[in-house]
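Accompanying notes for the structure given below.
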Amino acid sequence: MFSEQELAYLQTQRLARLATVDASGQPTVDAVGFSLDGGQILIGTHSPMLTRKYKNVLDGNTQVALIIDDLASVQPWRPRGVKIHGAAEVVERSGHFGPGRYIVITPTVSWSWGIEPREGAVGPKKTVW
């Protein structure tokens with residue numbers, strides 16, 4: 001459900017920030033590498049079972065937020081990005097880190113800004129999956 005412009009933007013990016021929640025309810029954010037697989041996002045690492053983001057998802061805290069953003073320009077100031085809320089699971093997969101365990105995010109809602117021309121629009125574009 002990403003638009004062509006959103007997909008083109010996401011395919012140029014390598015780094016995102018993933019927010020998960022631990023068993024005590026404490027949110028945490030980690031910089032992650034990601035790739036797209038159809039309508040899903042794959043988060044990988046070389047040592048997945050040693051990271052808190054994997055532990056948080058495996059412990060049943062499957063609601064996550066992911067943001068991919070950058071600055072198209074600083075003069076003038078032109079931020080752009082995509083924010084995703086979704087359900088995560090840990091699965092065996094082959095992805096950008098080779099075969100192994102990945103966090104797979106299925107989006108439920110996404111917002112984007114600065115990616116598509118939207119004459120007269122105020123605020124980010126919201127898509128409910």
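Residue numbering restarts at 1 in every chain; chains get A, B, ... in the order shown in the structure tokens, and ligands count up from 1 in that same order.
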
- [ ] From a DSSP calculation on the backbone, collect every residue of chain A in strand (DSSP E or B) and output the set as a PyMOL selection string.
- [x] chain A and resi 15-21+27-37+40-44+63-74+77-95+98-113+125-128

Those residues with C-alpha atoms, as a PDB file, in the first residue's frame please?
```
ATOM      1  CA  LEU A  15      18.851   3.067   8.010  1.00  0.00           C
ATOM      2  CA  ALA A  16      15.728   3.323  10.155  1.00  0.00           C
ATOM      3  CA  ARG A  17      14.835   3.655  13.816  1.00  0.00           C
ATOM      4  CA  LEU A  18      12.709   0.942  15.399  1.00  0.00           C
ATOM      5  CA  ALA A  19      10.737   1.513  18.597  1.00  0.00           C
ATOM      6  CA  THR A  20       9.784  -1.488  20.723  1.00  0.00           C
ATOM      7  CA  VAL A  21       8.567  -1.836  24.311  1.00  0.00           C
ATOM      8  CA  PRO A  27       9.939   2.125  25.208  1.00  0.00           C
ATOM      9  CA  THR A  28      13.307   1.818  23.505  1.00  0.00           C
ATOM     10  CA  VAL A  29      14.522   2.949  20.087  1.00  0.00           C
ATOM     11  CA  ASP A  30      17.299   1.334  18.059  1.00  0.00           C
ATOM     12  CA  ALA A  31      18.932   2.244  14.761  1.00  0.00           C
ATOM     13  CA  VAL A  32      18.424  -0.693  12.376  1.00  0.00           C
ATOM     14  CA  GLY A  33      19.114  -1.773   8.844  1.00  0.00           C
ATOM     15  CA  PHE A  34      16.008  -2.700   6.888  1.00  0.00           C
ATOM     16  CA  SER A  35      14.765  -3.977   3.572  1.00  0.00           C
ATOM     17  CA  LEU A  36      11.382  -4.231   1.884  1.00  0.00           C
ATOM     18  CA  ASP A  37       9.735  -7.540   1.069  1.00  0.00           C
ATOM     19  CA  GLN A  40       6.457  -5.978   4.773  1.00  0.00           C
ATOM     20  CA  ILE A  41       9.620  -4.557   6.300  1.00  0.00           C
ATOM     21  CA  LEU A  42      12.487  -6.847   7.337  1.00  0.00           C
ATOM     22  CA  ILE A  43      14.778  -5.828  10.193  1.00  0.00           C
ATOM     23  CA  GLY A  44      17.971  -7.837  10.445  1.00  0.00           C
ATOM     24  CA  GLN A  63       3.291  -3.480  18.391  1.00  0.00           C
ATOM     25  CA  VAL A  64       6.169  -1.430  16.973  1.00  0.00           C
ATOM     26  CA  ALA A  65       6.897   1.890  15.312  1.00  0.00           C
ATOM     27  CA  LEU A  66       9.478   2.442  12.584  1.00  0.00           C
ATOM     28  CA  ILE A  67      10.674   5.707  11.087  1.00  0.00           C
ATOM     29  CA  ILE A  68      12.789   6.220   7.984  1.00  0.00           C
ATOM     30  CA  ASP A  69      13.687   9.859   7.345  1.00  0.00           C
ATOM     31  CA  ASP A  70      16.300  12.247   6.059  1.00  0.00           C
ATOM     32  CA  LEU A  71      16.778  15.814   4.949  1.00  0.00           C
ATOM     33  CA  ALA A  72      16.352  16.406   1.233  1.00  0.00           C
ATOM     34  CA  SER A  73      17.794  19.885   1.825  1.00  0.00           C
ATOM     35  CA  VAL A  74      18.794  22.174   4.669  1.00  0.00           C
ATOM     36  CA  TRP A  77      14.696  23.040   5.234  1.00  0.00           C
ATOM     37  CA  ARG A  78      13.042  19.984   3.584  1.00  0.00           C
ATOM     38  CA  PRO A  79      12.597  16.956   5.830  1.00  0.00           C
ATOM     39  CA  ARG A  80      11.041  13.856   4.320  1.00  0.00           C
ATOM     40  CA  GLY A  81      10.216  10.431   5.637  1.00  0.00           C
ATOM     41  CA  VAL A  82       7.871   7.559   6.348  1.00  0.00           C
ATOM     42  CA  LYS A  83       6.603   6.501   9.773  1.00  0.00           C
ATOM     43  CA  ILE A  84       5.022   3.074  10.188  1.00  0.00           C
ATOM     44  CA  HIS A  85       3.010   1.501  12.984  1.00  0.00           C
ATOM     45  CA  GLY A  86       2.611  -2.237  12.704  1.00  0.00           C
ATOM     46  CA  ALA A  87       2.691  -5.742  14.100  1.00  0.00           C
ATOM     47  CA  ALA A  88       6.059  -7.479  14.385  1.00  0.00           C
ATOM     48  CA  GLU A  89       7.091 -11.095  14.551  1.00  0.00           C
ATOM     49  CA  VAL A  90      10.418 -12.911  14.496  1.00  0.00           C
ATOM     50  CA  VAL A  91      10.715 -15.388  11.634  1.00  0.00           C
ATOM     51  CA  GLU A  92      13.367 -17.435   9.862  1.00  0.00           C
ATOM     52  CA  ARG A  93      13.975 -15.775   6.523  1.00  0.00           C
ATOM     53  CA  SER A  94      16.585 -14.968   3.940  1.00  0.00           C
ATOM     54  CA  GLY A  95      17.122 -11.229   3.736  1.00  0.00           C
ATOM     55  CA  GLY A  98      21.525 -13.644   4.548  1.00  0.00           C
ATOM     56  CA  PRO A  99      19.497 -16.511   6.026  1.00  0.00           C
ATOM     57  CA  GLY A 100      18.543 -16.143   9.687  1.00  0.00           C
ATOM     58  CA  ARG A 101      16.055 -14.615  12.081  1.00  0.00           C
ATOM     59  CA  TYR A 102      14.436 -11.348  11.119  1.00  0.00           C
ATOM     60  CA  ILE A 103      11.884  -9.060  12.676  1.00  0.00           C
ATOM     61  CA  VAL A 104       9.148  -8.807  10.067  1.00  0.00           C
ATOM     62  CA  ILE A 105       6.834  -5.810  10.369  1.00  0.00           C
ATOM     63  CA  THR A 106       3.401  -5.848   8.787  1.00  0.00           C
ATOM     64  CA  PRO A 107       2.255  -2.219   8.592  1.00  0.00           C
ATOM     65  CA  THR A 108      -1.166  -1.191   9.900  1.00  0.00           C
ATOM     66  CA  VAL A 109      -0.822   2.588   9.436  1.00  0.00           C
ATOM     67  CA  SER A 110       1.790   4.716   7.699  1.00  0.00           C
ATOM     68  CA  TRP A 111       2.442   8.431   7.381  1.00  0.00           C
ATOM     69  CA  SER A 112       4.725  10.150   4.887  1.00  0.00           C
ATOM     70  CA  TRP A 113       5.881  13.713   4.356  1.00  0.00           C
ATOM     71  CA  LYS A 125      -0.174  11.812   4.235  1.00  0.00           C
ATOM     72  CA  LYS A 126      -1.808   9.038   6.281  1.00  0.00           C
ATOM     73  CA  THR A 127      -2.510   5.545   4.916  1.00  0.00           C
ATOM     74  CA  VAL A 128      -4.452   2.907   6.860  1.00  0.00           C
TER      75      VAL A 128
END
```

TODO: Name the residues of range 16-121 of chain A that come out as helix (DSSP H, G or I) in a backbone DSSP run; write them as a PyMOL selection string.
DONE: chain A and resi 48-50+52-58

TODO: Give the answer as one residue: which of A:Arg14, A:Gln26, A:Phe2, A:Leu50 has the shortest atom-to-atom distance to Gly38 in chain A, using only C-alpha atoms?
DONE: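 Smallest distance to Gly38 in chain A is found for A:Phe2.
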
- [ ] Determine the nearest neighbour of Thr51 in chain A from the options A:Pro76, A:Gly39, A:Asp22, A:Met1, counting only C-alpha atoms.
- [x]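 The closest residue to Thr51 in chain A is A:Asp22.
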